[in-house]
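Data from model16.cif: mmCIF, C-alpha atoms and all ligand atoms
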data_upload
#
loop_
_atom_site.label_atom_id
_atom_site.label_comp_id
_atom_site.auth_asym_id
_atom_site.auth_seq_id
_atom_site.Cartn_x
_atom_site.Cartn_y
_atom_site.Cartn_z
CA ASN C 120 63.02 87.56 183.04
CA LYS C 121 66.64 87.80 182.01
CA MET C 122 68.01 91.05 180.64
CA LEU C 123 69.64 91.09 177.26
CA ASP C 124 73.40 91.01 177.10
CA ILE C 125 73.58 94.17 175.01
CA GLN C 126 77.33 94.09 174.49
CA LYS C 127 77.06 90.58 173.09
CA ILE C 128 74.22 91.66 170.81
CA ARG C 129 76.12 94.72 169.64
CA ALA C 130 78.97 92.48 168.57
CA ASP C 131 76.56 90.93 166.05
CA PHE C 132 76.38 94.28 164.20
CA PRO C 133 79.70 95.11 162.50
CA ILE C 134 78.62 98.64 161.56
CA LEU C 135 78.22 99.63 165.22
CA GLU C 136 81.98 99.35 165.72
CA GLN C 137 82.51 102.15 163.26
CA LYS C 138 83.58 105.70 163.86
CA VAL C 139 81.67 108.45 162.05
CA ASN C 140 83.28 111.86 161.87
CA GLY C 141 85.92 110.56 164.25
CA LYS C 142 83.39 109.57 166.93
CA PRO C 143 81.91 106.18 167.77
CA LEU C 144 78.72 105.80 165.74
CA ILE C 145 75.51 106.25 167.70
CA TYR C 146 72.76 105.01 165.44
CA PHE C 147 69.35 106.37 166.44
CA ASP C 148 67.74 106.28 162.98
CA ASN C 149 66.31 102.79 163.33
CA GLY C 150 62.87 103.97 162.24
CA ALA C 151 64.29 104.71 158.80
CA THR C 152 66.16 101.43 158.54
CA SER C 153 67.69 99.01 161.00
CA GLN C 154 71.28 97.87 161.00
CA LYS C 155 72.08 94.31 159.90
CA PRO C 156 73.58 91.53 161.98
CA LYS C 157 76.50 89.58 160.57
CA VAL C 158 74.36 86.46 160.03
CA VAL C 159 72.25 88.46 157.59
CA ILE C 160 75.23 89.98 155.80
CA ASP C 161 76.88 86.54 155.54
CA ALA C 162 73.71 84.88 154.28
CA ILE C 163 73.57 87.26 151.31
CA SER C 164 77.12 86.42 150.35
CA LYS C 165 76.55 82.69 150.91
CA TYR C 166 73.54 82.73 148.60
CA TYR C 167 75.51 84.27 145.73
CA GLN C 168 78.54 82.08 146.35
CA GLU C 169 76.74 78.79 146.68
CA ILE C 170 73.22 78.57 145.26
CA ASN C 171 72.50 81.51 142.98
CA ALA C 172 70.03 80.39 140.28
CA ASN C 173 66.63 81.46 139.02
CA ILE C 174 63.70 79.93 140.88
CA HIS C 175 60.51 78.06 140.02
CA ARG C 176 61.65 77.10 136.53
CA GLY C 177 64.78 75.02 136.35
CA VAL C 178 65.00 71.30 136.84
CA HIS C 179 68.68 71.67 137.66
CA THR C 180 69.98 71.27 141.18
CA LEU C 181 70.87 74.89 141.95
CA SER C 182 67.51 76.12 140.72
CA GLN C 183 65.82 73.66 143.02
CA LEU C 184 68.02 74.65 145.95
CA ALA C 185 67.25 78.32 145.37
CA THR C 186 63.52 77.60 145.00
CA ASP C 187 63.49 75.55 148.19
CA ALA C 188 65.31 78.28 150.13
CA TYR C 189 62.96 80.96 148.79
CA GLU C 190 59.86 78.94 149.67
CA ALA C 191 61.31 78.02 153.08
CA SER C 192 61.67 81.73 153.78
CA ARG C 193 58.03 82.29 152.79
CA GLU C 194 57.05 79.61 155.29
CA LYS C 195 59.17 81.32 157.97
CA VAL C 196 57.28 84.55 157.35
CA ARG C 197 53.96 82.70 157.46
CA SER C 198 54.82 81.18 160.79
CA HIS C 199 56.18 84.48 162.15
CA ILE C 200 52.99 86.43 161.42
CA ASN C 201 50.75 83.40 161.95
CA ALA C 202 49.10 83.51 158.54
CA LYS C 203 46.76 80.59 157.95
CA GLU C 204 48.20 79.61 154.57
CA VAL C 205 51.68 80.01 153.13
CA TYR C 206 50.24 81.26 149.82
CA GLU C 207 48.76 84.24 151.65
CA VAL C 208 52.33 85.54 151.98
CA ILE C 209 53.39 87.57 148.92
CA PHE C 210 56.96 88.78 148.47
CA THR C 211 57.16 92.45 147.46
CA SER C 212 59.93 95.01 147.24
CA GLY C 213 58.71 96.64 150.46
CA THR C 214 55.82 98.27 152.27
CA THR C 215 55.34 100.85 149.54
CA GLN C 216 54.90 98.22 146.85
CA GLY C 217 52.54 96.19 149.03
CA ILE C 218 50.23 99.15 149.58
CA ASN C 219 50.33 100.12 145.90
CA LEU C 220 49.51 96.57 144.88
CA VAL C 221 46.39 96.53 147.04
CA ALA C 222 45.29 100.11 146.28
CA ASN C 223 45.74 99.54 142.57
CA GLY C 224 43.73 96.34 142.68
CA PHE C 225 40.77 97.99 144.37
CA ALA C 226 40.24 100.24 141.35
CA SER C 227 38.12 97.45 139.88
CA LEU C 228 36.29 96.79 143.16
CA ILE C 229 35.07 100.23 144.28
CA SER C 230 33.16 103.09 142.69
CA LYS C 231 32.38 106.76 143.04
CA ASP C 232 29.99 106.63 145.95
CA ASP C 233 32.43 104.67 148.08
CA GLU C 234 34.82 105.94 150.71
CA VAL C 235 38.42 105.07 151.46
CA MET C 236 39.63 105.85 154.96
CA VAL C 237 43.15 106.59 156.10
CA SER C 238 44.35 108.21 159.32
CA ALA C 239 45.95 111.50 160.26
CA VAL C 240 49.18 109.75 161.24
CA GLU C 241 49.99 107.93 158.01
CA HIS C 242 53.29 107.79 156.18
CA HIS C 243 52.97 109.25 152.68
CA SER C 244 53.14 105.72 151.28
CA ASN C 245 49.83 104.95 152.97
CA ILE C 246 48.22 108.14 151.68
CA VAL C 247 49.31 108.70 148.08
CA PRO C 248 48.35 105.25 146.65
CA TRP C 249 44.84 105.75 148.09
CA GLN C 250 44.67 109.21 146.54
CA PHE C 251 45.53 107.59 143.18
CA LEU C 252 42.71 105.13 143.77
CA CYS C 253 40.25 107.92 144.62
CA GLU C 254 41.29 109.91 141.54
CA ARG C 255 40.73 106.88 139.31
CA THR C 256 37.39 105.83 140.79
CA GLY C 257 35.88 109.05 142.13
CA ALA C 258 35.75 107.54 145.61
CA LYS C 259 36.18 109.90 148.54
CA LEU C 260 39.20 109.95 150.86
CA VAL C 261 38.18 110.26 154.51
CA VAL C 262 40.66 110.89 157.32
CA ILE C 263 40.50 109.62 160.93
CA PRO C 264 41.64 112.64 162.99
CA MET C 265 44.29 112.68 165.72
CA ASN C 266 44.57 114.53 169.03
CA GLU C 267 47.38 116.58 170.62
CA LYS C 268 49.01 113.44 172.00
CA GLY C 269 49.26 111.94 168.53
CA GLU C 270 46.51 109.39 169.15
CA LEU C 271 43.75 108.61 166.70
CA VAL C 272 40.35 109.75 167.93
CA MET C 273 38.27 106.59 168.05
CA SER C 274 34.96 108.29 168.72
CA GLU C 275 35.45 110.20 165.44
CA TYR C 276 36.43 107.00 163.67
CA ASP C 277 33.29 105.25 164.83
CA ARG C 278 31.26 108.23 163.64
CA LEU C 279 32.94 108.40 160.21
CA LEU C 280 32.45 104.71 159.45
CA SER C 281 29.43 103.86 157.35
CA SER C 282 28.21 101.43 154.74
CA LYS C 283 30.04 103.69 152.24
CA THR C 284 33.41 102.84 153.80
CA LYS C 285 35.02 100.19 151.63
CA ILE C 286 38.63 100.29 152.79
CA VAL C 287 40.37 101.41 155.97
CA ALA C 288 44.15 101.76 155.67
CA VAL C 289 46.04 102.59 158.86
CA ASN C 290 49.47 102.10 160.28
CA HIS C 291 50.00 99.83 163.26
CA ILE C 292 52.61 102.23 164.66
CA SER C 293 53.24 105.80 163.49
CA ASN C 294 56.74 106.39 162.13
CA ALA C 295 56.84 110.08 163.02
CA LEU C 296 55.48 109.86 166.56
CA GLY C 297 55.75 106.22 167.62
CA THR C 298 52.08 105.99 168.64
CA ILE C 299 50.74 102.43 168.72
CA ASN C 300 47.31 102.66 167.12
CA PRO C 301 44.30 100.70 168.41
CA ILE C 302 44.13 98.53 165.32
CA GLU C 303 42.14 95.77 167.03
CA HIS C 304 39.29 98.22 167.52
CA ILE C 305 39.76 99.71 164.04
CA ILE C 306 39.59 96.28 162.39
CA LYS C 307 36.60 95.09 164.38
CA LYS C 308 34.56 98.22 163.69
CA ALA C 309 35.48 98.29 160.00
CA HIS C 310 34.32 94.72 159.59
CA GLU C 311 30.98 95.60 161.18
CA VAL C 312 30.28 97.89 158.19
CA GLY C 313 31.78 95.44 155.68
CA ALA C 314 35.00 97.40 155.05
CA VAL C 315 38.36 95.81 154.31
CA VAL C 316 41.36 96.74 156.49
CA LEU C 317 44.96 97.14 155.39
CA VAL C 318 47.47 97.55 158.22
CA ASP C 319 50.80 99.21 157.44
CA GLY C 320 53.11 97.30 159.75
CA ALA C 321 56.37 98.94 158.61
CA GLN C 322 57.04 100.46 162.04
CA ALA C 323 55.43 97.72 164.09
CA THR C 324 57.31 94.67 162.85
CA PRO C 325 60.67 95.79 164.31
CA HIS C 326 59.07 95.71 167.78
CA ILE C 327 56.09 93.37 167.65
CA LYS C 328 55.41 89.92 166.28
CA PRO C 329 52.05 90.47 164.59
CA ASP C 330 49.43 87.73 164.64
CA VAL C 331 47.39 88.38 161.51
CA GLN C 332 44.76 85.80 162.37
CA ALA C 333 44.20 87.17 165.87
CA LEU C 334 44.09 90.72 164.47
CA ASP C 335 41.77 89.51 161.70
CA CYS C 336 43.16 92.19 159.34
CA ASP C 337 42.58 91.64 155.63
CA PHE C 338 46.03 92.87 154.60
CA TYR C 339 49.23 93.44 156.56
CA VAL C 340 52.33 94.92 154.90
CA PHE C 341 55.90 95.47 156.05
CA SER C 342 59.50 95.95 154.90
CA GLY C 343 62.46 93.65 155.42
CA HIS C 344 65.00 96.43 155.86
CA LYS C 345 63.41 97.70 159.07
CA ILE C 346 63.62 94.29 160.75
CA CYS C 347 67.34 93.61 160.35
CA GLY C 348 66.83 92.23 156.84
CA PRO C 349 68.06 93.48 153.46
CA THR C 350 66.61 96.39 151.50
CA GLY C 351 64.43 95.68 148.47
CA VAL C 352 62.25 92.99 149.99
CA GLY C 353 58.99 93.16 151.90
CA ILE C 354 55.83 91.23 152.59
CA LEU C 355 52.21 91.61 151.70
CA TYR C 356 49.99 89.32 153.73
CA GLY C 357 46.45 89.08 152.45
CA LYS C 358 43.53 86.87 153.35
CA GLU C 359 43.07 84.27 150.66
CA GLU C 360 39.58 85.54 149.90
CA TRP C 361 40.84 89.07 149.17
CA LEU C 362 43.95 88.02 147.28
CA ASN C 363 41.69 86.01 145.01
CA LYS C 364 39.39 88.97 144.45
CA LEU C 365 42.20 91.39 143.63
CA PRO C 366 43.45 91.48 140.03
CA PRO C 367 47.20 90.98 139.42
CA TYR C 368 49.40 94.05 139.84
CA MET C 369 52.08 93.38 137.25
CA GLY C 370 51.97 91.09 134.24
CA GLY C 371 54.85 88.93 133.12
CA GLY C 372 56.56 85.63 133.65
CA GLU C 373 55.81 83.49 136.72
CA MET C 374 52.34 85.00 137.28
CA ILE C 375 50.52 83.12 134.52
CA LYS C 376 48.88 79.77 134.07
CA GLU C 377 48.50 79.90 130.30
CA VAL C 378 49.20 82.60 127.78
CA THR C 379 47.72 82.87 124.30
CA PHE C 380 47.24 86.04 122.29
CA GLU C 381 43.50 85.71 122.85
CA LYS C 382 43.50 85.19 126.59
CA THR C 383 45.79 84.72 129.55
CA THR C 384 44.91 82.94 132.76
CA TYR C 385 46.71 83.68 135.99
CA ALA C 386 48.74 81.50 138.28
CA ASP C 387 47.44 80.51 141.68
CA LEU C 388 48.46 82.37 144.83
CA PRO C 389 51.06 83.52 145.67
CA HIS C 390 52.56 83.56 142.17
CA LYS C 391 49.72 85.63 140.71
CA PHE C 392 51.29 88.64 142.44
CA GLU C 393 54.94 87.77 141.84
CA ALA C 394 55.58 88.56 138.17
CA GLY C 395 59.14 88.32 136.92
CA THR C 396 62.30 87.15 138.62
CA PRO C 397 61.90 88.22 142.23
CA ASN C 398 64.53 89.47 144.64
CA ILE C 399 65.59 85.92 145.39
CA ALA C 400 68.64 86.54 147.58
CA ASP C 401 67.01 89.11 149.78
CA GLY C 402 63.78 87.12 149.99
CA ILE C 403 65.73 84.18 151.35
CA VAL C 404 67.74 86.34 153.74
CA LEU C 405 64.57 87.95 155.12
CA GLY C 406 64.00 84.55 156.70
CA THR C 407 67.47 84.72 158.27
CA ALA C 408 66.64 88.13 159.76
CA ILE C 409 63.36 86.84 161.19
CA ASP C 410 65.18 83.90 162.76
CA TYR C 411 67.70 86.29 164.28
CA LEU C 412 65.01 88.47 165.86
CA ASN C 413 63.10 85.49 167.19
CA GLU C 414 66.26 84.15 168.77
CA ILE C 415 66.64 87.38 170.70
CA GLY C 416 62.92 87.26 171.40
CA PHE C 417 60.36 90.01 170.98
CA ASP C 418 59.70 90.08 174.73
CA ASN C 419 63.34 90.92 175.31
CA ILE C 420 63.36 93.44 172.48
CA GLN C 421 60.33 95.23 173.92
CA LYS C 422 61.74 95.26 177.43
CA GLN C 423 65.02 96.84 176.32
CA GLU C 424 63.34 99.35 174.03
CA LYS C 425 60.83 100.37 176.68
CA GLU C 426 63.66 101.17 179.08
CA LEU C 427 65.48 103.16 176.45
CA LEU C 428 62.30 105.09 175.65
CA SER C 429 61.56 106.10 179.23
CA TYR C 430 65.20 106.91 179.96
CA ALA C 431 65.54 109.09 176.84
CA THR C 432 62.20 110.80 177.44
CA GLU C 433 63.14 111.68 181.00
CA LYS C 434 66.63 112.94 180.09
CA LEU C 435 65.49 114.96 177.09
CA LEU C 436 62.70 116.67 179.00
CA GLU C 437 65.33 118.09 181.37
CA ILE C 438 66.40 120.34 178.49
CA GLU C 439 64.62 123.67 178.67
CA GLY C 440 62.45 124.55 175.69
CA LEU C 441 62.35 120.95 174.46
CA LYS C 442 58.97 119.64 173.39
CA ILE C 443 58.15 116.05 172.54
CA PHE C 444 55.55 115.34 169.85
CA GLY C 445 53.68 112.09 170.34
CA THR C 446 53.01 111.75 174.04
CA SER C 447 50.66 108.80 174.13
CA GLU C 448 51.32 106.22 176.83
CA ASN C 449 50.89 103.72 174.07
CA LYS C 450 54.02 104.24 172.08
CA THR C 451 57.16 102.53 170.87
CA SER C 452 60.81 103.58 171.17
CA VAL C 453 60.61 106.80 169.18
CA VAL C 454 61.18 110.31 170.54
CA SER C 455 60.20 113.06 168.14
CA PHE C 456 61.04 116.53 169.47
CA ASN C 457 61.92 120.15 168.84
CA ILE C 458 63.69 122.83 170.81
CA GLU C 459 62.03 126.20 170.90
CA GLY C 460 63.44 128.64 168.37
CA ILE C 461 65.79 126.14 166.70
CA HIS C 462 65.31 124.42 163.36
CA PRO C 463 65.47 120.60 163.70
CA TYR C 464 67.84 120.39 160.73
CA ASP C 465 70.45 122.52 162.52
CA ILE C 466 70.50 120.21 165.53
CA GLY C 467 70.71 117.14 163.29
CA THR C 468 73.66 118.60 161.42
CA ILE C 469 75.62 119.46 164.56
CA ILE C 470 75.09 116.13 166.29
CA ASP C 471 76.03 114.28 163.09
CA LYS C 472 79.47 115.85 163.49
CA LEU C 473 79.52 114.08 166.86
CA GLY C 474 78.80 110.70 165.25
CA ILE C 475 75.09 110.63 166.08
CA ALA C 476 72.57 109.60 163.43
CA VAL C 477 69.01 110.84 163.89
CA ARG C 478 66.36 111.76 161.39
CA THR C 479 65.28 115.38 160.97
CA GLY C 480 62.42 116.66 158.86
CA HIS C 481 58.82 115.71 158.20
CA HIS C 482 59.48 111.93 158.21
CA CYS C 483 57.27 111.43 155.12
CA ALA C 484 54.31 112.42 157.28
CA GLN C 485 53.65 116.03 156.35
CA PRO C 486 50.01 116.03 157.56
CA ILE C 487 51.27 115.39 161.12
CA MET C 488 53.69 118.32 160.86
CA ASN C 489 50.87 120.50 159.52
CA TYR C 490 48.71 119.48 162.47
CA PHE C 491 51.36 120.67 164.92
CA ASP C 492 52.24 123.63 162.66
CA ILE C 493 55.95 122.77 162.61
CA PRO C 494 58.38 122.23 159.71
CA GLY C 495 59.56 118.95 161.14
CA THR C 496 61.06 117.30 164.19
CA ILE C 497 64.23 115.60 165.34
CA ARG C 498 63.43 111.91 165.60
CA ALA C 499 65.53 109.54 167.66
CA SER C 500 64.32 105.97 167.17
CA PHE C 501 65.90 103.29 169.33
CA SER C 502 66.50 99.64 168.70
CA PHE C 503 67.29 96.81 171.11
CA TYR C 504 71.00 97.18 170.35
CA ASN C 505 71.09 100.76 171.66
CA THR C 506 72.24 101.60 175.17
CA LYS C 507 71.60 104.12 177.93
CA GLU C 508 75.22 105.28 177.60
CA GLU C 509 74.50 106.20 173.99
CA ILE C 510 71.46 108.15 175.15
CA ASP C 511 73.62 110.03 177.67
CA THR C 512 76.05 111.02 174.91
CA PHE C 513 73.15 111.98 172.66
CA VAL C 514 71.49 114.18 175.30
CA GLU C 515 74.80 115.94 175.99
CA ALA C 516 75.21 116.49 172.23
CA VAL C 517 71.73 117.99 171.95
CA LYS C 518 72.51 120.34 174.85
CA LYS C 519 75.72 121.37 173.17
CA ALA C 520 73.94 121.98 169.87
CA LYS C 521 71.31 124.03 171.65
CA MET C 522 73.99 126.20 173.25
CA MET C 523 75.72 126.75 169.94
CA LEU C 524 72.48 127.67 168.20
CA SER C 525 70.77 129.90 170.73
N1 LIG C 601 54.91 103.09 156.26
C1 LIG C 601 55.57 103.47 157.37
C2 LIG C 601 54.81 103.66 158.64
C3 LIG C 601 56.95 103.66 157.30
O1 LIG C 601 57.61 104.05 158.38
C4 LIG C 601 57.63 103.44 156.08
C5 LIG C 601 59.12 103.62 155.96
N2 LIG C 601 59.61 104.81 156.52
C6 LIG C 601 56.88 103.05 154.98
C7 LIG C 601 55.53 102.87 155.11
C8 LIG C 601 57.51 102.81 153.64
O2 LIG C 601 58.36 101.72 153.70
P1 LIG C 601 59.35 101.41 152.50
O3 LIG C 601 60.06 102.70 152.21
O4 LIG C 601 60.27 100.37 153.06
O5 LIG C 601 58.54 100.92 151.36
#
Show how you would write the structure in this file as structure tokens.
Amino acid sequence: NKMLDIQKIRADFPILEQKVNGKPLIYFDNGATSQKPKVVIDAISKYYQEINANIHRGVHTLSQLATDAYEASREKVRSHINAKEVYEVIFTSGTTQGINLVANGFASLISKDDEVMVSAVEHHSNIVPWQFLCERTGAKLVVIPMNEKGELVMSEYDRLLSSKTKIVAVNHISNALGTINPIEHIIKKAHEVGAVVLVDGAQATPHIKPDVQALDCDFYVFSGHKICGPTGVGILYGKEEWLNKLPPYMGGGEMIKEVTFEKTTYADLPHKFEAGTPNIADGIVLGTAIDYLNEIGFDNIQKQEKELLSYATEKLLEIEGLKIFGTSENKTSVVSFNIEGIHPYDIGTIIDKLGIAVRTGHHCAQPIMNYFDIPGTIRASFSFYNTKEEIDTFVEAVKKAKMMLS
């Protein structure tokens, strides 16, 4: 039950020592992307200095070293998310690509009388690819509604499900509100009607170690850059059965078995979905980031973030006219709020001058903003390396901005 030594952890993140606009950086935009520990930054440089080579083709030593490191990272991801087989782990460029890969593939597996279900709290990247799919196939897009607290309404979900439902695509945790969605229930019920479930884990993986076998989801996608890893790399987990049913996403080198002008056969998993030279360096370093997080421990991460969430919620609510959006008890370390009569952008701009980084706007989740009839919110999203002292400074800055603007 030991508490994290936050100062020691902060020393792992060189960027946190920086001043922004003359003030010590307070980084509360972790939902958009996390900062990177030095081990991750160093691993990128080490890769290019010592083993850079193309993978899966060369017989030469460096090519083998690079291939081994890349495949070792795949195994680390497999173990981290508890996938059954290592070839169920596909490297992508990020969550967005993972969702597009799956949505695109289903064009050959569904038809016009089918339904595709998403939820009211999705990021645009888990809406638009499914709209493409519906446009191509004539299938209908159905939306699981939310309530005032930002929770999905499960009674409505149960009612909307039918034998027409072929795919349910939902996020594990909402990026705009922080709500943790009841995906266990969603997956179980979807399977009862024979539907496939894709879970967008982009906002969950920084806080939770997902167990894809226990969840029994068919697909689980996430991004490396939100879990202390580099940008440009992500993971698509898929059950073997479904990855075999899906057609390839991109054609090219690496993804083939045999090519003739008459007919091409595809490589086995995972290579079928990894056409071309992948993002080798960042794929390898994703494994370094996962090791780093596991060393800190997700129990410890959750404990620290839970404290930050309740402290920030309490302090912010002391400000008159401040309203928090996303008030479920089941939420992660995100506080999305507005102050009556003030545009979120104006607050964001003023507190940036004080060295504080938050996100303002619709957070790529316009349907949520439409639901609440607001242009956007100010979103502070905390990570395990943030402190209560930073929250104090932030709350004072918000008060100051409010005074200047009202
Ligand atoms: N889904 C959710 C819930 C997200 O928060 C994000 C990133 N903001 C994405 C998908 C897209 O991730 P990426 O931009 O890394 O592809």
Spatial neighbours of region 398-404 of chain C, 9 Å, all atoms listed in the file, chain gap at least 2 places, as a PyMOL selection string | chain C and resi 159-160+162-164+166-167+171-174+185-186+188-193+210-212+343+348-353+396+406-409
What are the nearest atom pairs, with distances in Å to one decimal, for all residues of chain C that come at most 9 Å from ligand LIG 601 (chain C), using all atoms listed in the file, set out by chain and rising residue number as CSV?
residue,atom,partner,partner_atom,distance
C:Gly150,CA,C:LIG601,O1,6.5
C:Ala151,CA,C:LIG601,N2,5.2
C:Thr152,CA,C:LIG601,N2,7.6
C:Ser212,CA,C:LIG601,O5,7.3
C:Gly213,CA,C:LIG601,O5,4.4
C:Thr214,CA,C:LIG601,O5,3.9
C:Thr215,CA,C:LIG601,O5,3.7
C:Gln216,CA,C:LIG601,O5,6.4
C:Gly217,CA,C:LIG601,O5,8.0
C:Ile218,CA,C:LIG601,C7,8.5
C:Val240,CA,C:LIG601,C2,8.7
C:Glu241,CA,C:LIG601,C2,6.5
C:His242,CA,C:LIG601,N1,5.0
C:His243,CA,C:LIG601,C7,7.3
C:Ser244,CA,C:LIG601,C7,5.3
C:Asn245,CA,C:LIG601,N1,6.3
C:Val289,CA,C:LIG601,C2,8.8
C:Asn290,CA,C:LIG601,C2,5.8
C:His291,CA,C:LIG601,C2,7.7
C:Ile292,CA,C:LIG601,C2,6.6
C:Ser293,CA,C:LIG601,C2,5.5
C:Asn294,CA,C:LIG601,O1,4.5
C:Ala295,CA,C:LIG601,O1,7.6
C:Asp319,CA,C:LIG601,N1,5.8
C:Gly320,CA,C:LIG601,C2,6.7
C:Ala321,CA,C:LIG601,C1,4.8
C:Gln322,CA,C:LIG601,O1,5.2
C:Ala323,CA,C:LIG601,C2,8.1
C:Val340,CA,C:LIG601,C7,8.6
C:Phe341,CA,C:LIG601,O2,7.1
C:Ser342,CA,C:LIG601,O4,4.8
C:Gly343,CA,C:LIG601,O4,7.5
C:His344,CA,C:LIG601,O4,6.8
C:Lys345,CA,C:LIG601,O4,7.3
C:Thr350,CA,C:LIG601,O4,7.6
C:Gly351,CA,C:LIG601,O4,7.8
C:Val352,CA,C:LIG601,O4,8.2
C:Gly353,CA,C:LIG601,O4,7.4
C:His482,CA,C:LIG601,N2,7.3
C:Cys483,CA,C:LIG601,N2,7.2
C:Ala484,CA,C:LIG601,C2,8.9
In the coordinate frame of the file, compute which residues have an atom within 10 Å of (28.1, 105.1, 143.4) when using all atoms listed in the file, and state them as a list in words.
->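 Returned residue set, sorted by chain then number, is Ile229, Ser230, Lys231, Asp232, Asp233, Glu234, Thr256, Gly257, Ala258 and Lys283 of chain C.
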Shortest contact to Gly372 (chain C), candidates C:Tyr430, C:Gly395, C:Ile134, C:Thr384, atoms counted only C-alpha atoms, goes to C:Gly395
One decimal, Å: what's the distance from CA of Phe338 (chain C) over to CA of Glu377 (chain C), could you say?
->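 Between CA of Phe338 (chain C) and CA of Glu377 (chain C) the gap is 27.7 Å.
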Near region 512-517 of chain C, counting all atoms listed in the file, which residues have an atom at most 9 Å away, once you skip same-chain residues fewer than 6 positions from it, shown as a CSV table (one decimal) with C-alpha atoms, in the frame of the given file?
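Final output, result-v9.csv:
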chain,number,residue,atom,x,y,z
C,145,ILE,CA,75.5,106.2,167.7
C,431,ALA,CA,65.5,109.1,176.8
C,434,LYS,CA,66.6,112.9,180.1
C,435,LEU,CA,65.5,115.0,177.1
C,438,ILE,CA,66.4,120.3,178.5
C,466,ILE,CA,70.5,120.2,165.5
C,467,GLY,CA,70.7,117.1,163.3
C,469,ILE,CA,75.6,119.5,164.6
C,470,ILE,CA,75.1,116.1,166.3
C,473,LEU,CA,79.5,114.1,166.9
C,475,ILE,CA,75.1,110.6,166.1
Name the closest residue to Leu388 (chain C) among the candidates C:Leu279, C:Leu524, C:Ile306, C:Val205; distances are taken between atoms, counting all atoms listed in the file.
->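 Among the listed residues, the smallest separation from Leu388 (chain C) belongs to C:Val205.
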Could you tell me how far CA of Asn149 (chain C) lies from CA of Ile420 (chain C), in Å and to one decimal?
-> 13.4 Å
For the atom pair CA of Met374 (chain C) and CA of Ile200 (chain C), what is the interatomic distance in Å to one decimal place?
->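 We find that CA of Met374 (chain C) and CA of Ile200 (chain C) lie 24.2 Å from each other.
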Pick the closest to Lys521 (chain C) from C:Pro329, C:Pro397, C:Gly460, C:Pro486: which is it, counting all atoms listed in the file?
->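 For Lys521 (chain C), the nearest of the given residues is C:Gly460.
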Enclose region 364-375 of chain C, meaning all of its atoms listed in the file, in a box aligned along x, y and z, pad it by 5 Å on each side, and list the centre and edge lengths in Å to one decimal, as JSON.
{"center_x": 48.0, "center_y": 88.6, "center_z": 138.8, "size_x": 27.2, "size_y": 20.9, "size_z": 21.3}
Which residue, C:Gln154, C:Thr506, C:Ser282, C:Asn363, has the smallest gap to Tyr385 (chain C) when you use all atoms listed in the file?
->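 Checking each of C:Gln154, C:Thr506, C:Ser282, C:Asn363 against Tyr385 (chain C), counting all atoms listed in the file, the winner is C:Asn363.
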Nearest to Ile263 (chain C), chosen from C:Arg278, C:Gly440, C:Lys518, C:Phe251, with all atoms listed in the file counted in the distances =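 When distances to Ile263 (chain C) are compared using all atoms listed in the file, the smallest one comes from C:Arg278.
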